[in-house]
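Structure file model30.txt (compact mmCIF, C-alpha atoms) follows.
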# COMPACT_ATOMS: atom_id res chain seq x y z
CA MET A 1 40.82 0.99 -1.41
CA SER A 2 38.89 -1.40 -3.57
CA LYS A 3 40.70 -4.36 -5.08
CA PHE A 4 38.76 -3.98 -8.32
CA LYS A 5 40.01 -2.29 -11.51
CA VAL A 6 38.17 0.87 -12.54
CA ASP A 7 37.57 1.73 -16.20
CA ASP A 8 35.52 4.87 -15.67
CA SER A 9 34.18 6.95 -12.83
CA LEU A 10 31.19 9.14 -11.96
CA ASP A 11 30.88 11.44 -8.95
CA LEU A 12 27.14 11.72 -8.33
CA ARG A 13 27.33 13.20 -4.85
CA GLY A 14 24.74 15.97 -4.60
CA VAL A 15 22.78 14.59 -7.58
CA LEU A 16 19.19 13.64 -6.75
CA CYS A 17 17.13 10.60 -7.72
CA PRO A 18 16.34 9.71 -10.43
CA ILE A 19 18.91 11.90 -12.26
CA ASN A 20 21.75 9.98 -10.60
CA PHE A 21 20.42 6.69 -11.98
CA VAL A 22 19.88 8.14 -15.46
CA LYS A 23 23.49 9.45 -15.54
CA THR A 24 24.74 6.03 -14.38
CA LYS A 25 22.68 4.29 -17.06
CA LEU A 26 23.92 6.62 -19.82
CA LYS A 27 27.54 6.14 -18.73
CA LEU A 28 27.13 2.34 -18.68
CA GLU A 29 25.71 2.45 -22.21
CA GLU A 30 28.98 4.03 -23.44
CA MET A 31 31.06 1.26 -21.84
CA GLU A 32 31.95 -2.27 -22.97
CA PRO A 33 30.56 -5.46 -21.39
CA GLY A 34 32.76 -6.48 -18.47
CA ASP A 35 33.99 -2.92 -17.85
CA HIS A 36 33.92 -1.60 -14.31
CA LEU A 37 32.28 1.73 -13.47
CA GLU A 38 32.98 3.43 -10.18
CA VAL A 39 30.14 5.65 -8.88
CA LEU A 40 30.08 7.92 -5.85
CA LEU A 41 26.61 8.19 -4.29
CA ASP A 42 25.17 10.00 -1.29
CA GLU A 43 23.82 8.07 1.66
CA GLY A 44 20.01 7.73 2.02
CA ASP A 45 17.85 7.39 -1.07
CA PRO A 46 20.67 7.46 -3.67
CA ILE A 47 22.58 4.48 -2.22
CA ALA A 48 19.29 2.62 -1.63
CA ASN A 49 17.86 3.26 -5.10
CA VAL A 50 20.63 3.49 -7.69
CA PRO A 51 22.30 0.10 -7.11
CA ARG A 52 18.88 -1.57 -7.07
CA SER A 53 17.94 0.01 -10.40
CA VAL A 54 21.35 -0.90 -11.84
CA LYS A 55 20.73 -4.50 -10.78
CA GLU A 56 17.28 -4.46 -12.42
CA GLU A 57 19.01 -3.41 -15.67
CA GLY A 58 21.08 -6.58 -15.44
CA HIS A 59 24.45 -5.20 -14.26
CA MET A 60 26.38 -6.45 -11.24
CA ILE A 61 27.39 -4.56 -8.09
CA LEU A 62 30.86 -5.82 -7.15
CA LYS A 63 31.67 -3.70 -4.11
CA VAL A 64 30.31 -1.00 -1.83
CA ASP A 65 32.65 1.08 0.36
CA ARG A 66 32.18 4.14 2.51
CA GLU A 67 33.51 7.37 0.99
CA GLY A 68 33.82 9.92 3.76
CA GLU A 69 31.03 10.31 6.28
CA HIS A 70 27.99 10.72 4.04
CA ALA A 71 28.67 8.90 0.78
CA TYR A 72 29.50 5.54 -0.76
CA ARG A 73 31.74 4.32 -3.57
CA ILE A 74 30.28 1.45 -5.60
CA ILE A 75 31.82 -0.62 -8.36
CA ILE A 76 29.47 -1.76 -11.14
CA LYS A 77 30.35 -4.44 -13.67
CA LYS A 78 28.59 -3.82 -16.98
CA SER A 79 26.70 -6.87 -18.22
CA MET B 1 -39.81 19.47 -2.44
CA SER B 2 -41.79 16.63 -3.99
CA LEU B 3 -40.45 13.12 -4.34
CA PRO B 4 -40.09 11.83 -7.87
CA LYS B 5 -42.42 8.85 -8.26
CA THR B 6 -39.67 6.56 -9.48
CA ILE B 7 -37.21 7.08 -6.59
CA ASP B 8 -36.08 3.83 -5.03
CA LEU B 9 -36.15 4.62 -1.31
CA ALA B 10 -34.71 1.23 -0.37
CA ALA B 11 -31.72 1.89 -2.61
CA MET B 12 -31.24 5.32 -1.04
CA LYS B 13 -30.84 3.71 2.37
CA THR B 14 -27.74 1.81 1.29
CA GLY B 15 -25.97 5.13 1.19
CA GLY B 16 -23.86 6.84 -1.39
CA LEU B 17 -26.10 9.93 -1.56
CA ILE B 18 -24.72 12.86 0.35
CA LYS B 19 -26.77 15.95 0.98
CA GLN B 20 -24.96 19.10 0.01
CA ARG B 21 -25.09 22.51 1.63
CA GLU B 22 -27.20 23.86 -1.22
CA LYS B 23 -30.94 23.19 -1.19
CA ASP B 24 -32.03 20.03 -3.06
CA LEU B 25 -28.51 19.20 -4.26
CA PHE B 26 -26.80 15.90 -3.58
CA ALA B 27 -23.41 14.38 -4.25
CA ILE B 28 -23.40 10.82 -5.58
CA ARG B 29 -20.58 8.74 -4.15
CA LEU B 30 -19.30 6.02 -6.45
CA ARG B 31 -17.85 2.73 -5.33
CA VAL B 32 -14.29 2.49 -6.62
CA PRO B 33 -12.66 -0.53 -4.93
CA VAL B 34 -8.89 -0.18 -4.48
CA GLY B 35 -9.05 3.08 -6.42
CA ARG B 36 -8.79 1.25 -9.73
CA MET B 37 -10.90 2.29 -12.70
CA GLY B 38 -10.89 1.87 -16.45
CA ALA B 39 -10.54 4.94 -18.63
CA ASP B 40 -13.96 4.33 -20.25
CA HIS B 41 -15.66 4.40 -16.84
CA LEU B 42 -13.85 7.58 -15.93
CA ARG B 43 -14.99 9.15 -19.20
CA LYS B 44 -18.58 8.06 -18.50
CA ILE B 45 -18.44 9.63 -15.03
CA GLY B 46 -17.26 12.87 -16.58
CA GLU B 47 -20.11 12.78 -19.07
CA LEU B 48 -22.75 12.15 -16.37
CA ALA B 49 -21.23 14.80 -14.06
CA LYS B 50 -21.92 17.36 -16.78
CA LYS B 51 -25.34 15.93 -17.63
CA TYR B 52 -26.74 15.65 -14.07
CA GLY B 53 -24.32 17.48 -11.80
CA ASN B 54 -22.48 20.79 -11.97
CA GLY B 55 -19.52 19.29 -13.83
CA MET B 56 -17.37 19.03 -10.70
CA LEU B 57 -16.00 15.84 -9.13
CA HIS B 58 -14.45 15.18 -5.76
CA PHE B 59 -11.76 12.52 -5.29
CA THR B 60 -12.30 11.14 -1.82
CA VAL B 61 -9.71 10.10 0.74
CA ARG B 62 -10.81 6.47 0.25
CA GLN B 63 -9.93 6.57 -3.45
CA GLY B 64 -13.56 7.10 -4.52
CA ILE B 65 -15.21 9.66 -6.76
CA GLU B 66 -18.21 11.84 -5.92
CA ILE B 67 -20.31 13.59 -8.55
CA GLN B 68 -21.31 16.92 -7.08
CA GLY B 69 -24.38 19.09 -7.52
CA VAL B 70 -26.99 16.55 -8.62
CA PRO B 71 -30.57 17.87 -8.09
CA PHE B 72 -32.73 15.58 -5.98
CA ALA B 73 -35.20 15.11 -8.84
CA ASP B 74 -32.45 13.66 -11.07
CA ILE B 75 -30.87 11.26 -8.59
CA GLN B 76 -32.75 8.17 -9.67
CA THR B 77 -32.14 8.73 -13.38
CA ALA B 78 -28.48 9.46 -12.74
CA ARG B 79 -28.17 6.30 -10.63
CA ASP B 80 -29.85 4.20 -13.27
CA GLU B 81 -27.57 5.54 -15.95
CA LEU B 82 -24.44 5.00 -13.81
CA GLU B 83 -25.44 1.44 -13.03
CA ALA B 84 -26.30 0.72 -16.66
CA ALA B 85 -22.71 1.71 -17.49
CA GLY B 86 -21.41 -0.79 -14.91
CA LEU B 87 -20.62 1.80 -12.25
CA ARG B 88 -21.68 1.22 -8.67
CA ILE B 89 -22.85 3.52 -5.92
CA GLY B 90 -20.74 3.92 -2.78
CA ALA B 91 -21.61 3.47 0.88
CA CYS B 92 -21.77 5.80 3.84
CA GLY B 93 -23.02 5.33 7.41
CA PRO B 94 -22.41 2.28 9.64
CA ARG B 95 -21.32 -0.05 6.87
CA PHE B 96 -18.34 -1.94 5.59
CA ARG B 97 -16.79 0.76 3.44
CA VAL B 98 -15.06 0.44 0.11
CA VAL B 99 -11.73 -1.35 0.46
CA THR B 100 -8.66 0.71 -0.42
CA ALA B 101 -5.25 -0.51 -1.56
CA CYS B 102 -2.06 0.60 -3.20
CA PRO B 103 -1.23 -0.78 -6.68
CA GLY B 104 0.78 -3.52 -4.94
CA ALA B 105 3.16 -6.09 -6.37
CA ALA B 106 1.34 -6.18 -9.70
CA VAL B 107 2.59 -2.65 -10.48
CA CYS B 108 4.87 -1.21 -7.79
CA PRO B 109 8.54 -2.27 -7.71
CA ASN B 110 8.37 -2.26 -3.89
CA GLY B 111 5.27 -4.48 -3.72
CA LEU B 112 5.59 -7.77 -1.84
CA VAL B 113 1.97 -8.92 -2.14
CA ASP B 114 -0.77 -8.19 -4.68
CA ALA B 115 -2.59 -5.64 -2.52
CA GLY B 116 -4.98 -4.66 -5.31
CA ALA B 117 -6.21 -8.21 -5.89
CA LEU B 118 -6.63 -8.83 -2.15
CA GLY B 119 -8.52 -5.56 -1.78
CA LEU B 120 -10.88 -6.42 -4.63
CA GLU B 121 -11.57 -9.83 -3.08
CA ALA B 122 -12.35 -8.30 0.32
CA ASP B 123 -14.55 -5.63 -1.26
CA GLU B 124 -16.57 -8.20 -3.23
CA ARG B 125 -17.08 -10.32 -0.13
CA PHE B 126 -17.81 -7.80 2.62
CA TYR B 127 -18.79 -4.46 1.08
CA GLY B 128 -21.86 -2.64 2.39
CA GLN B 129 -24.05 -4.47 4.82
CA PRO B 130 -24.20 -8.21 4.21
CA GLU B 131 -27.08 -10.15 5.77
CA GLY B 132 -26.79 -10.42 9.55
CA LEU B 133 -23.92 -7.96 9.68
CA GLU B 134 -25.42 -4.80 11.15
CA LEU B 135 -22.31 -2.99 12.38
CA PRO B 136 -22.06 -0.53 15.29
CA HIS B 137 -20.29 2.05 13.11
CA LYS B 138 -18.32 2.39 9.90
CA PHE B 139 -15.69 -0.25 9.14
CA LYS B 140 -12.66 0.38 6.96
CA VAL B 141 -10.21 -2.08 5.50
CA THR B 142 -7.07 -1.54 3.45
CA PHE B 143 -4.24 -3.55 1.92
CA ALA B 144 -0.68 -2.23 1.53
CA GLY B 145 1.74 -4.11 -0.67
CA CYS B 146 4.82 -3.52 1.47
CA THR B 147 6.11 -2.16 4.76
CA SER B 148 5.99 1.42 3.50
CA CYS B 149 2.25 1.22 4.23
CA CYS B 150 1.19 3.94 1.74
CA PRO B 151 -2.57 3.23 2.16
CA LYS B 152 -2.16 3.44 5.96
CA PRO B 153 -3.15 0.01 7.32
CA GLN B 154 -2.65 1.19 10.91
CA GLU B 155 -5.33 3.85 10.41
CA ASN B 156 -8.00 1.41 9.28
CA ASP B 157 -10.28 -0.81 11.37
CA VAL B 158 -8.49 -3.73 9.79
CA GLY B 159 -5.33 -3.17 7.79
CA PHE B 160 -2.72 -5.38 6.18
CA HIS B 161 0.72 -4.82 4.76
CA GLY B 162 2.97 -7.18 2.85
CA GLN B 163 6.15 -8.46 4.50
CA VAL B 164 8.92 -10.85 3.58
CA GLU B 165 11.43 -12.81 5.62
CA PRO B 166 14.91 -12.93 4.05
CA VAL B 167 17.38 -15.79 4.23
CA LEU B 168 21.04 -15.63 3.15
CA PHE B 169 22.57 -18.23 0.85
CA GLU B 170 26.19 -17.62 1.87
CA ASP B 171 27.70 -19.41 -1.14
CA GLU B 172 26.07 -16.89 -3.48
CA CYS B 173 27.13 -13.73 -1.60
CA ASN B 174 29.92 -11.66 -3.18
CA GLY B 175 30.45 -9.68 0.02
CA CYS B 176 29.72 -6.32 -1.63
CA GLY B 177 28.02 -4.90 1.46
CA ILE B 178 25.12 -3.18 -0.34
CA CYS B 179 22.59 -4.85 1.98
CA GLU B 180 24.28 -3.31 5.02
CA VAL B 181 24.03 0.23 3.64
CA THR B 182 20.57 -0.30 2.12
CA CYS B 183 18.98 -1.62 5.32
CA LYS B 184 17.23 1.40 6.85
CA GLU B 185 16.76 -0.43 10.13
CA GLY B 186 20.43 -1.08 10.81
CA ALA B 187 19.54 -4.77 11.01
CA ILE B 188 22.42 -5.97 8.80
CA ILE B 189 26.13 -5.60 9.51
CA MET B 190 28.98 -7.06 7.49
CA GLY B 191 30.97 -9.58 9.50
CA ASP B 192 34.76 -10.01 9.45
CA ASP B 193 34.36 -12.76 6.84
CA ASP B 194 32.62 -10.23 4.47
CA LEU B 195 29.29 -12.00 4.96
CA PRO B 196 26.26 -10.02 6.16
CA VAL B 197 24.71 -10.86 9.53
CA ARG B 198 21.03 -10.07 10.09
CA ASN B 199 19.76 -8.98 13.49
CA GLU B 200 16.30 -10.57 13.70
CA ALA B 201 15.21 -8.18 16.48
CA LYS B 202 15.75 -5.09 14.31
CA CYS B 203 14.42 -6.56 11.02
CA ILE B 204 11.00 -5.27 9.95
CA TYR B 205 10.72 -7.71 7.00
CA CYS B 206 10.75 -5.00 4.29
CA GLY B 207 12.81 -7.02 1.80
CA ASP B 208 15.21 -4.19 0.90
CA CYS B 209 18.15 -6.59 1.32
CA ILE B 210 16.57 -9.05 -1.12
CA ASN B 211 15.80 -6.32 -3.65
CA SER B 212 19.24 -4.74 -3.46
CA CYS B 213 21.35 -7.92 -3.50
CA PRO B 214 23.31 -8.03 -6.80
CA THR B 215 23.82 -11.80 -6.69
CA ASP B 216 20.40 -12.75 -5.27
CA ALA B 217 22.14 -14.31 -2.26
CA TRP B 218 19.36 -12.90 -0.07
CA LYS B 219 16.29 -14.94 -0.93
CA VAL B 220 12.65 -15.03 0.15
CA LYS B 221 12.08 -17.46 3.01
CA ARG B 222 8.39 -16.61 3.30
CA THR B 223 6.00 -13.85 2.24
CA GLY B 224 2.88 -12.88 4.15
CA LEU B 225 0.79 -10.11 5.64
CA ALA B 226 1.06 -8.22 8.89
CA ALA B 227 -2.48 -7.65 10.22
CA PHE B 228 -3.60 -4.70 12.34
CA ALA B 229 -6.95 -4.00 14.00
CA GLY B 230 -8.62 -1.05 15.66
CA GLY B 231 -7.05 1.87 13.85
CA ARG B 232 -9.02 5.02 13.09
CA TRP B 233 -8.61 8.69 12.27
CA GLY B 234 -11.30 11.25 13.01
CA ARG B 235 -11.68 13.19 16.24
CA HIS B 236 -9.76 10.76 18.40
CA PRO B 237 -7.14 9.09 16.27
CA GLU B 238 -5.58 5.83 17.35
CA LEU B 239 -3.27 3.46 15.52
CA GLY B 240 -4.32 -0.13 14.98
CA GLN B 241 -2.67 -2.83 17.06
CA LYS B 242 -0.76 -5.77 15.58
CA LEU B 243 -2.88 -8.90 15.34
CA ALA B 244 -0.38 -11.17 13.63
CA ASP B 245 2.67 -11.38 11.38
CA PHE B 246 3.03 -13.50 8.26
CA VAL B 247 -0.66 -14.20 7.76
CA GLU B 248 -0.96 -16.20 4.56
CA PRO B 249 -2.67 -14.00 1.94
CA GLU B 250 -5.44 -16.58 1.49
CA LYS B 251 -6.23 -16.30 5.24
CA ALA B 252 -6.74 -12.53 5.13
CA MET B 253 -10.47 -12.86 4.42
CA ASP B 254 -10.88 -15.15 7.44
CA ILE B 255 -9.22 -12.51 9.64
CA ILE B 256 -11.60 -9.82 8.36
CA ALA B 257 -14.61 -12.10 8.88
CA GLY B 258 -13.45 -12.93 12.42
CA VAL B 259 -12.92 -9.30 13.38
CA LEU B 260 -16.31 -8.34 11.91
CA LYS B 261 -18.02 -10.99 14.03
CA PHE B 262 -16.16 -9.79 17.15
CA TYR B 263 -17.20 -6.20 16.38
CA LYS B 264 -20.82 -7.15 15.75
CA ASP B 265 -20.97 -9.19 18.98
CA GLU B 266 -19.06 -6.83 21.28
CA GLY B 267 -19.29 -3.36 19.74
CA LYS B 268 -21.65 -0.77 21.21
CA ARG B 269 -23.74 1.28 18.80
CA GLY B 270 -21.75 4.21 17.49
CA GLU B 271 -18.30 3.08 18.64
CA ARG B 272 -15.45 2.24 16.32
CA LEU B 273 -13.68 -1.09 16.55
CA GLY B 274 -10.65 0.41 18.31
CA VAL B 275 -12.84 1.50 21.23
CA THR B 276 -14.36 -1.98 21.42
CA ILE B 277 -10.89 -3.54 21.48
CA ASN B 278 -9.77 -1.14 24.23
CA ARG B 279 -12.73 -2.25 26.34
CA VAL B 280 -12.77 -6.00 25.61
CA GLY B 281 -9.05 -6.50 25.10
CA LEU B 282 -6.68 -7.28 22.26
CA THR B 283 -5.95 -10.68 23.77
CA GLU B 284 -9.62 -11.62 23.60
CA LEU B 285 -9.85 -10.42 19.99
CA LYS B 286 -6.81 -12.51 19.06
CA ARG B 287 -8.26 -15.53 20.88
CA ARG B 288 -11.42 -15.35 18.80
CA VAL B 289 -9.90 -14.42 15.45
CA LEU B 290 -6.56 -16.22 15.12
Starting from the file, lay out its structure as structure tokens.
Amino acid sequence: MSKFKVDDSLDLRGVLCPINFVKTKLKLEEMEPGDHLEVLLDEGDPIANVPRSVKEEGHMILKVDREGEHAYRIIIKKS
Amino acid sequence: MSLPKTIDLAAMKTGGLIKQREKDLFAIRLRVPVGRMGADHLRKIGELAKKYGNGMLHFTVRQGIEIQGVPFADIQTARDELEAAGLRIGACGPRFRVVTACPGAAVCPNGLVDAGALGLEADERFYGQPEGLELPHKFKVTFAGCTSCCPKPQENDVGFHGQVEPVLFEDECNGCGICEVTCKEGAIIMGDDDLPVRNEAKCIYCGDCINSCPTDAWKVKRTGLAAFAGGRWGRHPELGQKLADFVEPEKAMDIIAGVLKFYKDEGKRGERLGVTINRVGLTELKRRVL
């Protein structure tokens, strides 16, 4: 398990690009600076695209871990 | 069919007029380097397509536009009006064709080099048939901004794509591991110390690790162009062969000029560059061009 605290969580497995990014962005907008958001993303395009877009919005990716065989769990720190 | 008195036969020979199936009708091919055009020009083309043609346009594979259904008698007037509006006529036949490109780094988030600007520079310099450059066959050049190669550099006589070599600043890495899962080539694995290790042999210089890195620990060591030569589509498709990696963008024009000279000197009438290279050898081409 991740050593980071988690303030909120989104399971976006099965959600396609760019909807997964939009949902992540909307969730981050509800949160406070410094809060941690945990997001579950499918392998392939979602894990390649969503963290990159999150970074471009100025937030920080703290950790990426495998979640089962075909997905990843990422921790985002809101800027 | 009688020739209009004002027709410029010399201008016709530069190409861009394509006979249609229907009697006396021609399509006028416009020169649209890197597929980039202002809205006012596009509007003007639409206006002239209705005035001289049948109101239909064709968007070509090389990012150009053809005005269809122009009667032979109106060609010269239509040309004059197009050119007065700042539009240019395209090429066909054994010439250096319009240069294509993707939007590149100026627009596309994936872009590593400004493919559009490079394409415009190449088009200005080589387009058509410059003095002393009678080519054996058509010659196509394209620029792709990144390793995704959307405009298909390996299918052109000379093609380029942007590439970037990453370097890790270990002190700035937070060990998140996103580069390992983002790398489509499997070229990065996280080591026991939570630092990524890049396998040079598997790396294709796409820059995904740099783009994905949340702390910018992966940085650009150098940016350049991979150059390919001898690609073609058509009846007997063949992919271009790698000429060089990390060509400096300002050297791209020299590469094109060198390959053109090789093709003019060695190419047989009617054969594409790839066939010439297969006969004379890639090594010999590299020796003369690089």
As AutoDock Vina command-line options, please report the centre and edge lengths, rounded to one decimal in Å, of the axis-aligned box that holds all listed atoms of range 42-48 of chain A with 4 Å of padding on each of the six sides.
--center_x 21.5 --center_y 6.3 --center_z -0.8 --size_x 15.3 --size_y 15.4 --size_z 13.7
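Closest approach to Phe4 in chain A among A:Ala48, A:Lys78, A:His36, A:Glu67 is made by A:His36 (distances from all atoms listed in the file).
Nearest to Val54 in chain A of all the residues B:Phe228, B:Ser212, B:Lys221, B:Val181 is B:Ser212, based on all atoms listed in the file.
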Contacts of range 192-207 of chain B at 6 Å (only C-alpha atoms; same-chain gap of 3+ positions) as a ChimeraX atom specification: /B:147,163-165,175,187-189,210
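Omitting Thr24 in chain A and its sequence neighbours fewer than 3 positions away, and counting all atoms listed in the file, the residues within 8 Å are Leu10, Asn20, Phe21, Lys27, Leu28 and Val39 of chain A.
Here is the contact set of chain B against chain A, at 7 Å and counting all atoms listed in the file: Cys176, Gly177, Ile178, Thr182, Asn211, Ser212 and Pro214 of chain B.
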Nearby residues (all atoms listed in the file) at most 9 Å from Lys138 in chain B, same-chain spacing under 5 positions excluded, as JSON, numbers by chain: {"B": [92, 93, 94, 95, 96, 97, 157, 270, 271, 272, 273]}
Residues of the last selection are to be written out with C-alpha atoms, as a JSON list (two decimals), in the frame of the given file.
[["chain", "number", "residue", "atom", "x", "y", "z"],
["B", 92, "CYS", "CA", -21.77, 5.80, 3.84],
["B", 93, "GLY", "CA", -23.02, 5.33, 7.41],
["B", 94, "PRO", "CA", -22.41, 2.28, 9.64],
["B", 95, "ARG", "CA", -21.32, -0.05, 6.87],
["B", 96, "PHE", "CA", -18.34, -1.94, 5.59],
["B", 97, "ARG", "CA", -16.79, 0.76, 3.44],
["B", 157, "ASP", "CA", -10.28, -0.81, 11.37],
["B", 270, "GLY", "CA", -21.75, 4.21, 17.49],
["B", 271, "GLU", "CA", -18.30, 3.08, 18.64],
["B", 272, "ARG", "CA", -15.45, 2.24, 16.32],
["B", 273, "LEU", "CA", -13.68, -1.09, 16.55]]
Glu172 in chain B environment, 8 Å, all atoms listed in the file, sequence neighbours closer than 4 positions dropped, as a PyMOL selection string: chain B and resi 215-217
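Here CA of Ile256 in chain B and CA of Pro153 in chain B stand 13.0 Å from one another.
By chain and then residue number, the residues within 10 Å of His161 in chain B are Ala101, Gly104, Gly111, Leu112, Val113, Ala115, Thr142, Phe143, Ala144, Gly145, Cys146, Thr147, Ser148, Cys149, Cys150, Pro151, Lys152, Pro153, Gln154, Gly159, Gln163, Gly224, Leu225, Ala226, Ala227, Phe228, Asp245, Phe246 and Val247 of chain B, counting only C-alpha atoms and disregarding those fewer than 2 positions away in sequence.
With CA of Lys264 in chain B on one side and CA of Leu135 in chain B on the other, the separation reads 5.6 Å.
One distance worth recording is that between CA of Phe160 in chain B and CA of Glu121 in chain B, which is 13.6 Å.
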